[in-house]
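Below is the file coords-v9.txt, which contains compact mmCIF, C-alpha atoms.
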# COMPACT_ATOMS: atom_id res chain seq x y z
CA MET A 7 0.00 0.00 0.00
CA PHE A 8 1.12 3.58 -0.58
CA TYR A 9 2.08 5.80 2.31
CA ILE A 10 -0.54 8.54 2.26
CA LYS A 11 0.40 11.94 3.59
CA ARG A 12 -2.54 14.05 4.73
CA CYS A 13 -3.21 17.19 6.72
CA ASP A 14 -5.01 17.19 10.07
CA TYR A 15 -8.45 18.73 9.98
CA GLU A 16 -11.28 19.51 12.36
CA ALA A 17 -14.34 19.00 10.18
CA LYS A 18 -15.67 15.47 10.04
CA ALA A 19 -17.26 14.41 6.77
CA VAL A 20 -20.18 12.04 6.47
CA ILE A 21 -19.43 9.72 3.58
CA LEU A 22 -22.40 8.37 1.66
CA ARG A 23 -21.04 5.50 -0.40
CA PRO A 24 -22.77 3.83 -3.35
CA THR A 25 -23.15 0.10 -3.03
CA PHE A 26 -20.50 -0.62 -5.68
CA TYR A 27 -17.81 0.51 -3.24
CA LYS A 28 -18.69 -2.52 -1.11
CA GLN A 29 -17.66 -4.95 -3.81
CA GLU A 30 -14.55 -7.03 -3.32
CA VAL A 31 -11.45 -5.14 -4.38
CA MET A 32 -9.44 -6.82 -7.12
CA ASP A 33 -5.88 -7.18 -5.83
CA THR A 34 -4.38 -7.09 -9.32
CA ILE A 35 -5.57 -6.03 -12.78
CA GLN A 36 -4.15 -6.46 -16.28
CA ILE A 37 -4.17 -3.49 -18.68
CA LYS A 38 -2.69 -4.17 -22.09
CA ASP A 39 0.90 -5.36 -21.52
CA LYS A 40 1.17 -4.35 -17.85
CA GLN A 41 -0.05 -5.69 -14.54
CA PHE A 42 -1.10 -3.44 -11.66
CA LYS A 43 -1.71 -4.04 -7.95
CA VAL A 44 -4.16 -2.16 -5.74
CA SER A 45 -2.54 0.62 -3.74
CA ILE A 46 -5.32 2.97 -2.59
CA GLU A 47 -8.80 1.56 -2.02
CA ALA A 48 -11.98 3.41 -2.93
CA GLU A 49 -13.02 4.00 0.68
CA THR A 50 -9.77 5.84 1.43
CA ILE A 51 -10.09 7.91 -1.75
CA GLN A 52 -13.64 8.95 -0.90
CA ALA A 53 -12.68 10.00 2.64
CA GLU A 54 -9.84 12.19 1.38
CA VAL A 55 -11.99 13.75 -1.35
CA ALA A 56 -14.62 14.66 1.25
CA ARG A 57 -11.92 16.19 3.47
CA VAL A 58 -10.68 18.41 0.64
CA ALA A 59 -14.25 19.49 -0.14
CA ASN A 60 -14.79 20.46 3.51
CA GLU A 61 -11.66 22.62 3.43
CA ILE A 62 -12.83 24.35 0.25
CA ASN A 63 -16.29 24.93 1.72
CA LYS A 64 -14.75 26.68 4.73
CA ASP A 65 -12.17 28.70 2.80
CA LEU A 66 -14.37 29.97 -0.05
CA ILE A 67 -17.60 31.00 1.66
CA GLY A 68 -19.06 33.95 -0.24
CA LYS A 69 -16.59 33.62 -3.15
CA ASN A 70 -18.83 31.84 -5.71
CA PRO A 71 -15.81 29.99 -7.14
CA LEU A 72 -15.49 28.60 -10.64
CA PHE A 73 -14.22 25.01 -10.57
CA LEU A 74 -12.10 24.28 -13.63
CA SER A 75 -11.78 20.52 -14.13
CA VAL A 76 -8.86 19.18 -16.18
CA LEU A 77 -10.02 16.38 -18.48
CA ASN A 78 -9.80 13.51 -18.92
CA GLY A 79 -8.11 12.37 -15.73
CA ALA A 80 -9.97 14.51 -13.21
CA PHE A 81 -13.50 13.56 -14.18
CA MET A 82 -14.06 11.14 -11.28
CA PHE A 83 -12.38 13.41 -8.75
CA THR A 84 -14.43 16.37 -9.98
CA ALA A 85 -17.74 14.50 -9.77
CA ASP A 86 -17.10 13.18 -6.25
CA LEU A 87 -15.62 16.46 -4.98
CA LEU A 88 -18.59 18.51 -6.14
CA LYS A 89 -21.01 16.16 -4.36
CA HIS A 90 -19.58 17.54 -1.12
CA ILE A 91 -19.34 21.22 -2.14
CA THR A 92 -22.09 23.13 -0.32
CA ILE A 93 -21.27 26.71 -1.39
CA PRO A 94 -22.58 28.38 -4.58
CA CYS A 95 -20.23 27.60 -7.47
CA GLU A 96 -19.90 27.03 -11.21
CA VAL A 97 -18.06 24.30 -13.13
CA SER A 98 -16.19 24.38 -16.44
CA PHE A 99 -13.68 22.09 -18.18
CA VAL A 100 -10.36 22.20 -20.01
CA LYS A 101 -8.51 19.37 -21.72
CA LEU A 102 -4.73 19.15 -21.79
CA ALA A 103 -2.43 16.31 -22.79
CA SER A 104 1.17 15.59 -21.80
CA TYR A 105 1.36 11.78 -21.44
CA GLU A 106 2.07 8.93 -23.80
CA GLY A 107 2.13 5.46 -22.26
CA THR A 108 3.61 5.61 -18.76
CA SER A 109 5.75 8.75 -19.00
CA SER A 110 5.35 12.43 -19.72
CA THR A 111 6.29 13.61 -23.18
CA GLY A 112 7.44 16.94 -21.79
CA THR A 113 5.28 18.71 -24.36
CA ILE A 114 1.94 20.19 -23.30
CA LYS A 115 -0.75 20.16 -25.97
CA GLU A 116 -3.86 22.21 -25.24
CA MET A 117 -6.71 20.34 -26.91
CA ILE A 118 -9.71 22.27 -25.61
CA GLY A 119 -9.18 25.84 -24.45
CA LEU A 120 -10.87 27.89 -21.78
CA ASN A 121 -14.36 29.08 -22.69
CA ALA A 122 -15.57 30.58 -19.41
CA ASP A 123 -15.25 34.21 -18.36
CA LEU A 124 -12.66 34.20 -15.56
CA THR A 125 -12.40 37.95 -15.08
CA GLY A 126 -12.39 38.79 -11.38
CA ARG A 127 -13.30 35.22 -10.42
CA THR A 128 -11.90 32.86 -7.83
CA VAL A 129 -10.87 29.82 -9.87
CA VAL A 130 -10.22 26.37 -8.40
CA ILE A 131 -8.36 24.06 -10.77
CA ILE A 132 -9.33 20.43 -10.22
CA GLU A 133 -6.52 18.09 -11.29
CA ASP A 134 -6.11 14.34 -10.94
CA ILE A 135 -2.35 14.33 -10.34
CA VAL A 136 0.56 16.75 -10.19
CA ASP A 137 3.95 15.16 -10.81
CA THR A 138 6.48 17.31 -12.72
CA GLY A 139 4.16 20.30 -12.42
CA LEU A 140 4.78 21.34 -16.04
CA THR A 141 1.18 20.80 -17.12
CA MET A 142 -0.11 22.79 -14.16
CA GLN A 143 2.37 25.59 -14.83
CA HIS A 144 1.14 25.79 -18.43
CA LEU A 145 -2.47 25.92 -17.28
CA LEU A 146 -1.75 28.62 -14.70
CA GLU A 147 -0.11 30.76 -17.38
CA SER A 148 -3.13 30.32 -19.64
CA ILE A 149 -5.57 31.21 -16.88
CA ALA A 150 -3.59 34.32 -15.90
CA LEU A 151 -4.33 35.78 -19.34
CA HIS A 152 -8.03 35.81 -18.40
CA ASN A 153 -7.56 38.12 -15.38
CA PRO A 154 -8.95 36.03 -12.51
CA GLU A 155 -8.88 37.46 -9.00
CA LYS A 156 -7.37 34.30 -7.49
CA VAL A 157 -6.39 30.84 -8.71
CA LEU A 158 -6.27 27.86 -6.36
CA ILE A 159 -5.32 24.24 -7.07
CA ALA A 160 -7.08 21.11 -5.82
CA SER A 161 -5.24 17.92 -6.77
CA LEU A 162 -6.27 14.39 -5.95
CA LEU A 163 -2.66 13.19 -6.00
CA LEU A 164 0.77 14.81 -5.69
CA LYS A 165 4.21 13.33 -6.39
CA PRO A 166 6.35 15.79 -4.40
CA ASP A 167 9.65 14.11 -5.26
CA LYS A 168 9.03 14.54 -9.00
CA LEU A 169 8.20 18.26 -9.10
CA LYS A 170 10.34 20.27 -11.52
CA VAL A 171 8.72 23.66 -10.85
CA GLU A 172 7.59 25.47 -7.72
CA LEU A 173 3.83 25.34 -7.26
CA ASP A 174 1.55 26.50 -4.48
CA ILE A 175 -1.00 23.69 -4.27
CA GLN A 176 -3.60 24.61 -1.70
CA TYR A 177 -5.60 21.38 -1.60
CA VAL A 178 -4.01 17.92 -1.89
CA ALA A 179 -5.94 14.78 -1.11
CA MET A 180 -2.94 12.41 -1.05
CA SER A 181 0.83 12.49 -1.62
CA ILE A 182 2.28 9.38 -3.26
CA PRO A 183 5.61 7.96 -4.50
CA ASN A 184 6.78 8.20 -8.13
CA ASP A 185 5.13 4.95 -9.26
CA PHE A 186 2.93 4.89 -12.35
CA ILE A 187 -0.72 4.45 -11.38
CA VAL A 188 -4.13 3.86 -12.94
CA GLY A 189 -7.73 3.90 -11.78
CA TYR A 190 -10.16 6.52 -10.48
CA GLY A 191 -9.82 8.53 -13.68
CA LEU A 192 -6.14 7.87 -14.35
CA ASP A 193 -5.24 5.75 -17.35
CA TYR A 194 -2.66 3.74 -19.23
CA ASP A 195 -3.02 4.55 -22.93
CA GLY A 196 -6.70 5.33 -22.38
CA PHE A 197 -7.55 2.25 -20.33
CA GLY A 198 -8.12 1.80 -16.60
CA ARG A 199 -9.97 5.03 -15.79
CA ASN A 200 -13.12 3.17 -14.73
CA TYR A 201 -11.81 1.47 -11.58
CA PRO A 202 -12.99 2.97 -8.25
CA ASP A 203 -9.64 2.05 -6.64
CA ILE A 204 -6.13 3.21 -7.58
CA TYR A 205 -3.53 0.68 -8.76
CA THR A 206 0.24 0.90 -9.16
CA VAL A 207 2.22 -0.82 -11.88
CA ILE A 208 4.06 -4.02 -10.98
CA ASP A 209 7.67 -3.91 -12.17

Reformat the file's structure so that it appears as structure tokens.
Amino acid sequence: MFYIKRCDYEAKAVILRPTFYKQEVMDTIQIKDKQFKVSIEAETIQAEVARVANEINKDLIGKNPLFLSVLNGAFMFTADLLKHITIPCEVSFVKLASYEGTSSTGTIKEMIGLNADLTGRTVVIIEDIVDTGLTMQHLLESIALHNPEKVLIASLLLKPDKLKVELDIQYVAMSIPNDFIVGYGLDYDGFGRNYPDIYTVID
């Protein structure tokens, strides 16, 4: 199992879990030419997502934030996070690509640009994972051109040892090692996003 680093918090979340989270967790899965083992179970993910939502609810009261979800990887995180958001808000989406196979290409390709008016808004970027930070840096630069009042980052996962740029990430559900992972929105060549648990590749 991964070591999960988390922040202490006072608010206690009530987790309402669909029945499919009670199914038996598959210890290993096969995706194309690689095998993966379970590392973070769905129940743990849901608890951490609820915690992050509680922090956002407390911090952004009266701000009417715009949540900007980064597709495709953040779609599950976005859906579950917003179930716990109790303040008025809006949601929009952007699609970026920087991965091929199991490693970053180092080139950021913006596939779908911003289409929401960000002027004077508090923007919360919802990302599935921050590793090198290059994709996030690119997105922050793009958002800055739209004159928001404030930009915050909420990431499901963070690989702190892999960061190549300095980023101020306000909301992190879990910090993990540098292993390649799939599940809960993350993929290997387009496959594996559908699993409610997170799996790490077996060397």

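Of the residues listed (A:Val136, A:Met82, A:Leu77, A:Ile93), A:Met82 shows the shortest atom-to-atom separation from A:Tyr201; distances use all atoms listed in the file.
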
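The interatomic distance for the pair atom CA of A:Thr50 and atom CA of A:Pro202 works out to 10.6 Å.
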
- In the coordinates of the file, take the point (1.2, -6.1, -21.4) and a cut-off of 12 Å; then, counting all atoms listed in the file, name each qualifying protein, DNA or RNA residue as a ChimeraX atom specification. /A:35-42,107,194-195,207-209

Got time to write the residues from that selection, C-alpha atoms, as a short mmCIF file (atom, residue, chain, number, x, y, z; two decimals), in the frame of the given file?
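Output saved as again-v9.cif:
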data_model
loop_
_atom_site.label_atom_id
_atom_site.label_comp_id
_atom_site.auth_asym_id
_atom_site.auth_seq_id
_atom_site.Cartn_x
_atom_site.Cartn_y
_atom_site.Cartn_z
CA ILE A 35 -5.57 -6.03 -12.78
CA GLN A 36 -4.15 -6.46 -16.28
CA ILE A 37 -4.17 -3.49 -18.68
CA LYS A 38 -2.69 -4.17 -22.09
CA ASP A 39 0.90 -5.36 -21.52
CA LYS A 40 1.17 -4.35 -17.85
CA GLN A 41 -0.05 -5.69 -14.54
CA PHE A 42 -1.10 -3.44 -11.66
CA GLY A 107 2.13 5.46 -22.26
CA TYR A 194 -2.66 3.74 -19.23
CA ASP A 195 -3.02 4.55 -22.93
CA VAL A 207 2.22 -0.82 -11.88
CA ILE A 208 4.06 -4.02 -10.98
CA ASP A 209 7.67 -3.91 -12.17
#

- Query: For the point (-9.6, 27.6, -13.0) in file coordinates, what residues are within 7 Å, counting all atoms listed in the file? Give the answer as a PyMOL selection string?
  - Reply: chain A and resi 72-74+129-131+149+157

Name all residues at most 9 Å from A:Val31 (count all atoms listed in the file; drop same-chain ones fewer than 5 positions away) and give them as a PDB file with C-alpha atoms, in the frame of the given file.
ATOM      1  CA  VAL A  44      -4.160  -2.160  -5.740  1.00  0.00           C
ATOM      2  CA  GLU A  47      -8.800   1.560  -2.020  1.00  0.00           C
ATOM      3  CA  ALA A  48     -11.980   3.410  -2.930  1.00  0.00           C
ATOM      4  CA  ASP A 203      -9.640   2.050  -6.640  1.00  0.00           C
TER       5      ASP A 203
END

- With a distance cut-off of 10 Å and only C-alpha atoms, select the neighbouring residues of A:Gly79, excluding the residue or stretch itself and same-chain residues fewer than 5 positions from it, and output the selection as a PyMOL selection string. chain A and resi 84+101-103+132-135+188-193+196+199

Keeping only C-alpha atoms, write the selected residues to a file as a PDB file, in the frame of the given file.
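File out_7.pdb, as written:
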ATOM      1  CA  THR A  84     -14.430  16.370  -9.980  1.00  0.00           C
ATOM      2  CA  LYS A 101      -8.510  19.370 -21.720  1.00  0.00           C
ATOM      3  CA  LEU A 102      -4.730  19.150 -21.790  1.00  0.00           C
ATOM      4  CA  ALA A 103      -2.430  16.310 -22.790  1.00  0.00           C
ATOM      5  CA  ILE A 132      -9.330  20.430 -10.220  1.00  0.00           C
ATOM      6  CA  GLU A 133      -6.520  18.090 -11.290  1.00  0.00           C
ATOM      7  CA  ASP A 134      -6.110  14.340 -10.940  1.00  0.00           C
ATOM      8  CA  ILE A 135      -2.350  14.330 -10.340  1.00  0.00           C
ATOM      9  CA  VAL A 188      -4.130   3.860 -12.940  1.00  0.00           C
ATOM     10  CA  GLY A 189      -7.730   3.900 -11.780  1.00  0.00           C
ATOM     11  CA  TYR A 190     -10.160   6.520 -10.480  1.00  0.00           C
ATOM     12  CA  GLY A 191      -9.820   8.530 -13.680  1.00  0.00           C
ATOM     13  CA  LEU A 192      -6.140   7.870 -14.350  1.00  0.00           C
ATOM     14  CA  ASP A 193      -5.240   5.750 -17.350  1.00  0.00           C
ATOM     15  CA  GLY A 196      -6.700   5.330 -22.380  1.00  0.00           C
ATOM     16  CA  ARG A 199      -9.970   5.030 -15.790  1.00  0.00           C
TER      17      ARG A 199
END

- Can you work out which one of A:Gln176, A:Asp86, A:Ile91, A:Glu147 has the shortest atom-to-atom distance to A:Ala53, counting only C-alpha atoms?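 Residue with the minimum atom-to-atom distance to A:Ala53: A:Asp86.
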
- Here atom CA of A:Lys168 and atom CA of A:Leu145 stand apart by 18.2 Å

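Among the candidates A:Leu88, A:Leu120, A:Ala179, A:Cys95, the residue lying nearest to A:Leu66 is A:Cys95 (atoms considered: all atoms listed in the file).
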
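Here the question is which of A:Arg127, A:His90, A:Lys170, A:His144 gets nearest to A:Leu158 using all atoms listed in the file, and that residue is A:Arg127.
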
- Among the residues A:Leu162, A:Lys69, A:Gly198, A:Asn153, the one that comes closest to A:Ser181 [using all atoms listed in the file]: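 For A:Ser181, the nearest of the candidates is A:Leu162.
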
- Query: What is the distance between atom CA of A:Thr206 and atom CA of A:Ala160, in Å to one decimal?
  - Reply: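 One can read the atom CA of A:Thr206 to atom CA of A:Ala160 distance as 21.8 Å.
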
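With distances taken over all atoms listed in the file, A:Leu146 is the one residue among A:Ala56, A:Ala122, A:Leu146, A:Leu151 lying closest to A:Leu173.
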